[in-house]
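coords_34.cif, holding mmCIF, C-alpha atoms:
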data_data
#
loop_
_atom_site.group_PDB
_atom_site.id
_atom_site.type_symbol
_atom_site.label_atom_id
_atom_site.label_comp_id
_atom_site.auth_asym_id
_atom_site.auth_seq_id
_atom_site.Cartn_x
_atom_site.Cartn_y
_atom_site.Cartn_z
ATOM 1 C CA VAL Y 1 -27.218 -36.540 59.611
ATOM 2 C CA ARG Y 2 -24.065 -36.562 61.761
ATOM 3 C CA THR Y 3 -25.931 -38.204 64.656
ATOM 4 C CA TYR Y 4 -27.385 -40.794 62.291
ATOM 5 C CA VAL Y 5 -23.997 -41.668 60.788
ATOM 6 C CA ARG Y 6 -22.304 -41.854 64.190
ATOM 7 C CA THR Y 7 -24.992 -44.180 65.566
ATOM 8 C CA TYR Y 8 -25.146 -46.310 62.427
ATOM 9 C CA VAL Y 9 -21.421 -46.937 62.180
ATOM 10 C CA ARG Y 10 -21.034 -47.670 65.885
ATOM 11 C CA THR Y 11 -23.870 -50.230 65.666
ATOM 12 C CA TYR Y 12 -22.519 -51.629 62.376
ATOM 13 C CA VAL Y 13 -19.040 -52.185 63.766
ATOM 14 C CA ARG Y 14 -20.194 -53.739 67.031
ATOM 15 C CA THR Y 15 -22.657 -56.057 65.304
ATOM 16 C CA TYR Y 16 -20.119 -57.369 62.818
ATOM 17 C CA LEU Y 17 -17.408 -57.744 65.417
ATOM 18 C CA ARG Y 18 -19.769 -60.182 67.125
ATOM 19 C CA ARG Y 19 -20.743 -61.998 63.929
ATOM 20 C CA ARG Y 20 -17.377 -62.216 62.214
ATOM 21 C CA LYS Y 21 -14.162 -63.777 63.385
ATOM 22 C CA GLY Y 22 -10.535 -63.274 62.439
ATOM 23 C CA PRO Y 23 -7.966 -60.460 62.560
ATOM 24 C CA ALA Y 24 -8.793 -59.125 59.079
ATOM 25 C CA TRP Y 25 -12.367 -58.253 59.983
ATOM 26 C CA LYS Y 26 -11.449 -56.831 63.389
ATOM 27 C CA SER Y 27 -8.717 -54.729 61.795
ATOM 28 C CA LEU Y 28 -11.188 -53.317 59.282
ATOM 29 C CA CYS Y 29 -13.733 -52.557 61.994
ATOM 30 C CA LEU Y 30 -11.176 -50.649 64.045
ATOM 31 C CA ARG Y 31 -10.208 -48.627 61.018
ATOM 32 C CA MET Y 32 -13.887 -47.983 60.259
ATOM 33 C CA LEU Y 33 -14.128 -46.324 63.664
ATOM 34 C CA LYS Y 34 -11.338 -43.993 62.582
ATOM 35 C CA ILE Y 35 -13.211 -43.215 59.376
ATOM 36 C CA ARG Y 36 -16.244 -42.280 61.445
ATOM 37 C CA ILE Y 37 -14.203 -39.912 63.563
ATOM 38 C CA ILE Y 38 -12.269 -38.292 60.720
ATOM 39 C CA GLY Y 39 -14.331 -38.259 57.572
ATOM 40 C CA LEU Y 40 -17.456 -40.376 57.380
ATOM 41 C CA GLN Y 41 -19.775 -37.837 58.980
ATOM 42 C CA LYS Y 42 -19.011 -35.459 56.122
ATOM 43 C CA THR Y 43 -18.588 -38.001 53.298
ATOM 44 C CA VAL Y 44 -22.095 -39.483 53.433
ATOM 45 C CA PRO Y 45 -24.070 -36.203 53.226
ATOM 46 C CA LEU Y 46 -21.688 -34.914 50.549
ATOM 47 C CA LEU Y 47 -22.312 -37.995 48.423
ATOM 48 C CA ALA Y 48 -26.062 -38.001 48.954
ATOM 49 C CA GLY Y 49 -26.386 -34.269 48.367
ATOM 50 C CA LYS Y 50 -24.277 -34.199 45.213
ATOM 51 C CA ASN Y 51 -26.040 -37.210 43.731
ATOM 52 C CA GLU Y 52 -29.248 -35.178 43.637
ATOM 53 C CA LYS Y 53 -27.557 -32.788 41.175
ATOM 54 C CA ILE Y 54 -25.300 -35.105 39.160
ATOM 55 C CA ASN Y 55 -25.320 -38.882 38.864
ATOM 56 C CA ILE Y 56 -22.150 -39.912 40.681
ATOM 57 C CA MET Y 57 -23.465 -43.303 41.828
ATOM 58 C CA SER Y 58 -26.476 -45.521 41.194
ATOM 59 C CA ASN Y 59 -29.686 -44.257 42.776
ATOM 60 C CA LYS Y 60 -30.295 -47.872 43.781
ATOM 61 C CA TYR Y 61 -27.636 -47.507 46.492
ATOM 62 C CA ILE Y 62 -27.931 -43.862 47.486
ATOM 63 C CA LYS Y 63 -29.646 -44.434 50.852
ATOM 64 C CA LYS Y 64 -27.351 -43.640 53.795
ATOM 65 C CA ASN Y 65 -26.998 -47.235 55.004
ATOM 66 C CA ASP Y 66 -26.328 -48.430 51.431
ATOM 67 C CA ILE Y 67 -23.605 -45.808 50.962
ATOM 68 C CA ILE Y 68 -21.909 -46.918 54.166
ATOM 69 C CA GLN Y 69 -22.128 -50.679 53.671
ATOM 70 C CA ARG Y 70 -21.985 -51.125 49.901
ATOM 71 C CA HIS Y 71 -19.530 -48.338 49.080
ATOM 72 C CA ILE Y 72 -17.575 -47.047 52.078
ATOM 73 C CA VAL Y 73 -16.991 -50.286 54.008
ATOM 74 C CA ASP Y 74 -16.439 -52.188 50.759
ATOM 75 C CA SER Y 75 -13.763 -49.678 49.739
ATOM 76 C CA ALA Y 76 -12.127 -49.613 53.169
ATOM 77 C CA GLN Y 77 -11.486 -53.366 53.259
ATOM 78 C CA ILE Y 78 -8.491 -53.113 50.894
ATOM 79 C CA ILE Y 79 -6.423 -50.921 53.220
ATOM 80 C CA ASP Y 80 -4.376 -53.914 54.439
ATOM 81 C CA ILE Y 81 -3.119 -54.657 50.896
ATOM 82 C CA VAL Y 82 -2.318 -51.074 49.882
ATOM 83 C CA ASP Y 83 1.444 -50.588 49.505
ATOM 84 C CA PHE Y 84 2.567 -48.323 52.360
ATOM 85 C CA ASN Y 85 6.140 -48.226 51.050
ATOM 86 C CA SER Y 86 5.275 -46.104 48.008
ATOM 87 C CA ASN Y 87 4.567 -42.381 48.070
ATOM 88 C CA THR Y 88 1.518 -42.629 45.790
ATOM 89 C CA THR Y 89 -1.435 -44.895 45.132
ATOM 90 C CA THR Y 90 -3.788 -44.533 42.172
ATOM 91 C CA ASP Y 91 -7.537 -44.926 41.672
ATOM 92 C CA ILE Y 92 -7.776 -45.353 37.897
ATOM 93 C CA GLY Y 93 -11.481 -44.602 37.491
ATOM 94 C CA SER Y 94 -12.564 -42.792 40.608
ATOM 95 C CA GLY Y 95 -16.113 -41.667 39.824
ATOM 96 C CA SER Y 96 -17.679 -40.947 43.227
ATOM 97 C CA GLY Y 97 -14.346 -41.488 44.982
ATOM 98 C CA MET Y 98 -14.732 -45.158 45.791
ATOM 99 C CA PRO Y 99 -12.265 -46.441 46.796
ATOM 100 C CA GLY Y 100 -9.856 -43.498 46.361
ATOM 101 C CA ILE Y 101 -11.391 -40.995 48.781
ATOM 102 C CA ILE Y 102 -12.014 -43.645 51.439
ATOM 103 C CA ILE Y 103 -8.421 -44.884 51.187
ATOM 104 C CA ALA Y 104 -7.199 -41.282 51.440
ATOM 105 C CA ILE Y 105 -9.217 -40.858 54.657
ATOM 106 C CA LEU Y 106 -7.734 -44.055 56.085
ATOM 107 C CA LEU Y 107 -4.180 -43.137 55.094
ATOM 108 C CA LYS Y 108 -4.622 -39.791 56.818
ATOM 109 C CA SER Y 109 -5.939 -41.469 59.969
ATOM 110 C CA LEU Y 110 -3.001 -43.893 59.914
ATOM 111 C CA LYS Y 111 -0.590 -40.962 59.442
ATOM 112 C CA LYS Y 112 0.758 -42.377 56.186
ATOM 113 C CA ASP Y 113 2.402 -39.785 53.940
ATOM 114 C CA ILE Y 114 0.970 -41.192 50.722
ATOM 115 C CA LYS Y 115 -0.735 -39.175 47.994
ATOM 116 C CA VAL Y 116 -3.818 -40.726 46.410
ATOM 117 C CA LYS Y 117 -4.147 -39.937 42.702
ATOM 118 C CA LEU Y 118 -7.710 -40.036 41.418
ATOM 119 C CA TYR Y 119 -8.236 -40.205 37.661
ATOM 120 C CA GLU Y 120 -11.661 -39.011 36.546
ATOM 121 C CA LYS Y 121 -12.266 -37.467 33.127
ATOM 122 C CA SER Y 122 -15.734 -36.094 33.973
ATOM 123 C CA TYR Y 123 -15.652 -32.396 34.868
ATOM 124 C CA HIS Y 124 -18.523 -32.613 37.366
ATOM 125 C CA LYS Y 125 -17.208 -35.718 39.135
ATOM 126 C CA SER Y 126 -13.695 -34.266 39.253
ATOM 127 C CA HIS Y 127 -15.087 -31.087 40.794
ATOM 128 C CA PHE Y 128 -16.901 -33.187 43.406
ATOM 129 C CA LEU Y 129 -13.708 -35.091 44.251
ATOM 130 C CA ARG Y 130 -11.787 -31.823 44.697
ATOM 131 C CA ASP Y 131 -14.545 -30.450 46.901
ATOM 132 C CA VAL Y 132 -14.542 -33.525 49.157
ATOM 133 C CA SER Y 133 -10.741 -33.593 49.306
ATOM 134 C CA THR Y 134 -10.625 -29.932 50.332
ATOM 135 C CA LYS Y 135 -13.337 -30.228 52.977
ATOM 136 C CA LEU Y 136 -11.722 -33.321 54.498
ATOM 137 C CA ASN Y 137 -8.173 -31.991 54.052
ATOM 138 C CA LEU Y 138 -7.007 -35.109 52.219
ATOM 139 C CA LYS Y 139 -3.699 -35.668 50.442
ATOM 140 C CA THR Y 140 -5.059 -36.294 46.962
ATOM 141 C CA GLU Y 141 -4.411 -35.237 43.393
ATOM 142 C CA ILE Y 142 -7.481 -35.084 41.159
ATOM 143 C CA ILE Y 143 -6.469 -35.680 37.544
ATOM 144 C CA GLN Y 144 -9.204 -34.760 35.079
ATOM 145 C CA LYS Y 145 -7.827 -36.720 32.161
ATOM 146 C CA ASN Y 146 -8.526 -39.886 30.232
ATOM 147 C CA ILE Y 147 -6.068 -42.313 31.814
ATOM 148 C CA PHE Y 148 -5.943 -44.351 28.605
ATOM 149 C CA GLU Y 149 -4.182 -41.392 26.986
ATOM 150 C CA GLU Y 150 -1.534 -41.086 29.729
ATOM 151 C CA LYS Y 151 1.844 -42.800 29.356
ATOM 152 C CA LYS Y 152 4.827 -43.811 31.531
ATOM 153 C CA LEU Y 153 2.825 -43.634 34.748
ATOM 154 C CA GLU Y 154 4.402 -44.662 38.043
ATOM 155 C CA THR Y 155 2.666 -45.466 41.315
ATOM 156 C CA GLY Y 156 2.456 -47.887 44.205
ATOM 157 C CA THR Y 157 -0.942 -49.557 44.447
ATOM 158 C CA ILE Y 158 -3.434 -49.320 41.580
ATOM 159 C CA MET Y 159 -7.092 -49.607 42.594
ATOM 160 C CA SER Y 160 -9.804 -50.735 40.164
ATOM 161 C CA ARG Y 161 -13.384 -50.767 41.413
ATOM 162 C CA ALA Y 162 -16.405 -50.708 39.063
ATOM 163 C CA PHE Y 163 -14.223 -49.242 36.318
ATOM 164 C CA LYS Y 164 -13.481 -51.444 33.300
ATOM 165 C CA PRO Y 165 -13.366 -55.246 32.827
ATOM 166 C CA MET Y 166 -10.256 -56.911 34.218
ATOM 167 C CA PRO Y 167 -8.639 -57.616 30.792
ATOM 168 C CA VAL Y 168 -9.031 -53.944 29.804
ATOM 169 C CA VAL Y 169 -7.411 -52.784 33.049
ATOM 170 C CA LEU Y 170 -4.528 -55.220 32.597
ATOM 171 C CA ASP Y 171 -3.968 -53.897 29.070
ATOM 172 C CA LEU Y 172 -4.026 -50.351 30.432
ATOM 173 C CA VAL Y 173 -1.472 -51.093 33.153
ATOM 174 C CA ASN Y 174 0.736 -53.091 30.794
ATOM 175 C CA GLU Y 175 0.818 -50.314 28.181
ATOM 176 C CA ASN Y 176 0.577 -47.121 30.239
ATOM 177 C CA PHE Y 177 2.361 -47.818 33.532
ATOM 178 C CA SER Y 178 6.148 -48.090 33.638
ATOM 179 C CA ASN Y 179 6.156 -49.037 37.314
ATOM 180 C CA PHE Y 180 3.644 -50.169 39.976
ATOM 181 C CA SER Y 181 3.553 -52.252 43.151
ATOM 182 C CA ASN Y 182 0.244 -54.081 42.863
ATOM 183 C CA ILE Y 183 -3.235 -53.899 41.339
ATOM 184 C CA ILE Y 184 -6.325 -54.446 43.473
ATOM 185 C CA PHE Y 185 -9.433 -55.647 41.638
ATOM 186 C CA PHE Y 186 -12.905 -55.661 43.190
ATOM 187 C CA MET Y 187 -14.701 -58.648 41.652
ATOM 188 C CA GLY Y 188 -18.465 -59.046 41.816
ATOM 189 C CA LYS Y 189 -20.964 -61.818 41.093
ATOM 190 C CA SER Y 190 -19.721 -62.439 37.551
ATOM 191 C CA GLY Y 191 -16.105 -61.975 38.571
ATOM 192 C CA ARG Y 192 -15.232 -65.666 38.803
ATOM 193 C CA GLU Y 193 -15.912 -66.341 35.129
ATOM 194 C CA ILE Y 194 -14.213 -63.099 34.069
ATOM 195 C CA PHE Y 195 -11.130 -63.985 36.086
ATOM 196 C CA LYS Y 196 -11.028 -67.516 34.674
ATOM 197 C CA ASN Y 197 -11.125 -66.180 31.108
ATOM 198 C CA THR Y 198 -8.541 -63.502 31.899
ATOM 199 C CA LEU Y 199 -6.041 -66.160 32.997
ATOM 200 C CA LYS Y 200 -6.171 -67.629 29.500
ATOM 201 C CA ASP Y 201 -4.415 -64.534 28.155
ATOM 202 C CA TRP Y 202 -2.367 -63.378 31.147
ATOM 203 C CA ASP Y 203 0.217 -64.830 33.501
ATOM 204 C CA LEU Y 204 -0.495 -63.229 36.874
ATOM 205 C CA GLU Y 205 1.228 -63.389 40.231
ATOM 206 C CA TYR Y 206 -1.741 -62.873 42.511
ATOM 207 C CA SER Y 207 -3.508 -63.643 45.757
ATOM 208 C CA GLU Y 208 -7.226 -63.796 46.409
ATOM 209 C CA LYS Y 209 -9.291 -62.586 49.367
ATOM 210 C CA LYS Y 210 -12.950 -63.020 50.179
ATOM 211 C CA SER Y 211 -14.908 -59.814 50.355
ATOM 212 C CA LEU Y 212 -15.806 -58.815 53.900
ATOM 213 C CA THR Y 213 -19.043 -57.181 52.748
ATOM 214 C CA ASN Y 214 -20.539 -59.562 50.182
ATOM 215 C CA LYS Y 215 -20.315 -63.346 50.123
ATOM 216 C CA GLU Y 216 -20.563 -63.392 46.307
ATOM 217 C CA SER Y 217 -17.682 -60.942 45.816
ATOM 218 C CA PHE Y 218 -13.922 -61.233 46.184
ATOM 219 C CA LEU Y 219 -10.702 -59.256 45.816
ATOM 220 C CA ILE Y 220 -7.743 -60.019 43.575
ATOM 221 C CA ASN Y 221 -4.361 -58.575 44.533
ATOM 222 C CA VAL Y 222 -2.033 -58.764 41.516
ATOM 223 C CA LYS Y 223 1.707 -58.263 41.987
ATOM 224 C CA LYS Y 224 3.052 -59.034 38.512
ATOM 225 C CA ILE Y 225 1.486 -59.244 35.056
ATOM 226 C CA LYS Y 226 2.681 -60.723 31.792
ATOM 227 C CA ARG Y 227 0.700 -61.217 28.614
ATOM 228 C CA LYS Y 228 0.909 -64.752 27.273
ATOM 229 C CA ASN Y 229 2.433 -65.048 23.818
ATOM 230 C CA LYS Y 230 0.734 -66.823 20.926
ATOM 231 C CA THR Y 231 2.680 -70.045 21.499
ATOM 232 C CA GLN Y 232 1.505 -70.206 25.120
ATOM 233 C CA LEU Y 233 -2.075 -69.516 24.089
ATOM 234 C CA LYS Y 234 -2.049 -72.397 21.594
ATOM 235 C CA LYS Y 235 -0.764 -74.795 24.262
ATOM 236 C CA ASN Y 236 -3.555 -73.739 26.613
#

Exercise: express the given structure as structure tokens:
Amino acid sequence: VRTYVRTYVRTYVRTYLRRRKGPAWKSLCLRMLKIRIIGLQKTVPLLAGKNEKINIMSNKYIKKNDIIQRHIVDSAQIIDIVDFNSNTTTDIGSGSGMPGIIIAILLKSLKKDIKVKLYEKSYHKSHFLRDVSTKLNLKTEIIQKNIFEEKKLETGTIMSRAFKPMPVVLDLVNENFSNFSNIIFFMGKSGREIFKNTLKDWDLEYSEKKSLTNKESFLINVKKIKRKNKTQLKKN
């Protein structure tokens, strides 16, 4: 497995460095090499092995190359918009650890003293996240609680990938977080319409990035949020 992962990632990075242009992609590829060295060789077999016992990710994407491209590389691409000036970042619905575990691996490789908090209410998934964190010696805190029941939370970056719809996450952050730096949303095929509808109810200070792994997906980096009042909604 280790030989397979090493060969696959080396080929993956070299191929896409040739196909893609721009500093963002090259930066991600260089960081992916660090993931391979530090944690990827262990992460892939851990994910695949655990998924045979408990359903931590869709069986549709459990093949080794699917785990790397669809989950690991997709998660890694946000590293350039994670707030390095805060001492914590939070994955609000971690599940299999995407993107939280991958970001923790990258932060370790970049020698950033930032704790990654992973919220996951499932006992089995939380146990898996602790196991991976221990084996890879990552600076994480696994919180086996329902984040919707937590109040006055503070963090730097908030990561939301395959968790809840964007409006639900915005409500959660607005009600349960007293302080945060930014929120990163992974938006898929239907994301454009969801985002358009979300802007009817929310004033957002945001920037948008194309996904480096899927031409139909994109990332939204939100800095500030404010719910529109009824008067604003009527005008719109």

* Have a look at atom CA of Y:Glu120 and atom CA of Y:Ile147 and let me know their distance in Å, one decimal. =>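 Value for the atom CA of Y:Glu120-atom CA of Y:Ile147 distance: 8.0 Å.
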
* To do: Run the PyMOL selection byres ((chain Y and resi 131-142) around 6) mentally over the shown coordinates, then write out the matched residues as number ranges by chain, using the chain letters and numbers from the document.
  => Y: 115-118, 128-130, 143

Write to file, as a tab-separated table (two decimals), in the frame of the given file, the residues of the selection just made, with C-alpha atoms.
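See out.tsv below for the written result:
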chain	number	residue	atom	x	y	z
Y	115	LYS	CA	-0.74	-39.17	47.99
Y	116	VAL	CA	-3.82	-40.73	46.41
Y	117	LYS	CA	-4.15	-39.94	42.70
Y	118	LEU	CA	-7.71	-40.04	41.42
Y	128	PHE	CA	-16.90	-33.19	43.41
Y	129	LEU	CA	-13.71	-35.09	44.25
Y	130	ARG	CA	-11.79	-31.82	44.70
Y	143	ILE	CA	-6.47	-35.68	37.54

Around stretch 71-81 of chain Y, fit a box with edges along x, y and z, padding it by 4 Å on each side, then list its centre and edge lengths in Å to one decimal as lines of an AutoDock Vina configuration file.
center_x = -11.3
center_y = -50.9
center_z = 51.8
size_x = 24.4
size_y = 15.6
size_z = 13.4

* To do: Provide the atom CA of Y:Ile79 to atom CA of Y:Leu172 distance in Å, to one decimal place.
  => 22.9 Å

* To do: Have a look at atom CA of Y:Val222 and atom CA of Y:Ser109 and let me know their distance in Å, one decimal.
  =>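 We find that atom CA of Y:Val222 and atom CA of Y:Ser109 lie 25.6 Å from each other.
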
* To do: Name the residues in contact with Y:Arg227 at a cut-off of 8 Å, using all atoms listed in the file, excluding same-chain residues fewer than 2 positions from it; report them as a list in words.
  =>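 These residues fall inside the cut-off: Asp201, Trp202, Asp203, Ile225 and Asn229 of chain Y.
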
* Which polymer residues, protein or nucleic acid, are no farther than 10 Å from (-14.9, -43.5, 40.5), counting only C-alpha atoms, as a VMD selection string? -> chain Y and resid 56 to 57 91 to 101 118 to 122 125 to 126 129 160 to 163

* For Y:Ile158, which residue among Y:Ser217, Y:Thr90, Y:Thr198, Y:Asn174 is the nearest when counting only C-alpha atoms? ->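 For Y:Ile158, the nearest of the candidates is Y:Thr90.
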
* **Neighbours of point (-4.2, -63.7, 39.7) within 12 Å, using only C-alpha atoms, written as an MDAnalysis selection string** => chainID Y and resid 166:167 170 182:185 187 192 194:209 218:226

Can you write just those residues out, C-alpha atoms, as a compact mmCIF listing (two decimals), keeping the file's coordinate frame?
# COMPACT_ATOMS: atom_id res chain seq x y z
CA MET Y 166 -10.26 -56.91 34.22
CA PRO Y 167 -8.64 -57.62 30.79
CA LEU Y 170 -4.53 -55.22 32.60
CA ASN Y 182 0.24 -54.08 42.86
CA ILE Y 183 -3.24 -53.90 41.34
CA ILE Y 184 -6.32 -54.45 43.47
CA PHE Y 185 -9.43 -55.65 41.64
CA MET Y 187 -14.70 -58.65 41.65
CA ARG Y 192 -15.23 -65.67 38.80
CA ILE Y 194 -14.21 -63.10 34.07
CA PHE Y 195 -11.13 -63.98 36.09
CA LYS Y 196 -11.03 -67.52 34.67
CA ASN Y 197 -11.12 -66.18 31.11
CA THR Y 198 -8.54 -63.50 31.90
CA LEU Y 199 -6.04 -66.16 33.00
CA LYS Y 200 -6.17 -67.63 29.50
CA ASP Y 201 -4.42 -64.53 28.16
CA TRP Y 202 -2.37 -63.38 31.15
CA ASP Y 203 0.22 -64.83 33.50
CA LEU Y 204 -0.50 -63.23 36.87
CA GLU Y 205 1.23 -63.39 40.23
CA TYR Y 206 -1.74 -62.87 42.51
CA SER Y 207 -3.51 -63.64 45.76
CA GLU Y 208 -7.23 -63.80 46.41
CA LYS Y 209 -9.29 -62.59 49.37
CA PHE Y 218 -13.92 -61.23 46.18
CA LEU Y 219 -10.70 -59.26 45.82
CA ILE Y 220 -7.74 -60.02 43.58
CA ASN Y 221 -4.36 -58.58 44.53
CA VAL Y 222 -2.03 -58.76 41.52
CA LYS Y 223 1.71 -58.26 41.99
CA LYS Y 224 3.05 -59.03 38.51
CA ILE Y 225 1.49 -59.24 35.06
CA LYS Y 226 2.68 -60.72 31.79

* Expected selection from the PyMOL selection byres ((chain Y and resi 177) around 8), given as a ChimeraX atom specification -> /Y:151-154,172-176,178-180

* Check the smallest atom-to-atom distance from each of Y:Ser181, Y:Glu150, Y:Ser190, Y:Ile103 to Y:Pro165 using only C-alpha atoms, then report the winner. =>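 Between Y:Ser181, Y:Glu150, Y:Ser190, Y:Ile103, the residue approaching Y:Pro165 most closely is Y:Ser190.
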
* Using all atoms listed in the file: which of Y:Met159, Y:Ala104, Y:Leu212, Y:Val168 has the shortest distance to Y:Gln77 -> Y:Leu212

* To do: Determine the residue membership of the PyMOL selection byres ((chain Y and resi 156) around 6) for the file above and supply it as a list in words.
  =>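 Residues picked by the PyMOL selection byres ((chain Y and resi 156) around 6): Ser86, Thr88, Thr89, Thr155, Thr157, Phe180 and Ser181 of chain Y.
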
* Asked: Counting all atoms listed in the file, which of Y:Lys145, Y:Ile78, Y:Asp83, Y:Lys215 gets nearest to Y:Ile102?
  ->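 Checking each of Y:Lys145, Y:Ile78, Y:Asp83, Y:Lys215 against Y:Ile102, counting all atoms listed in the file, the winner is Y:Ile78.
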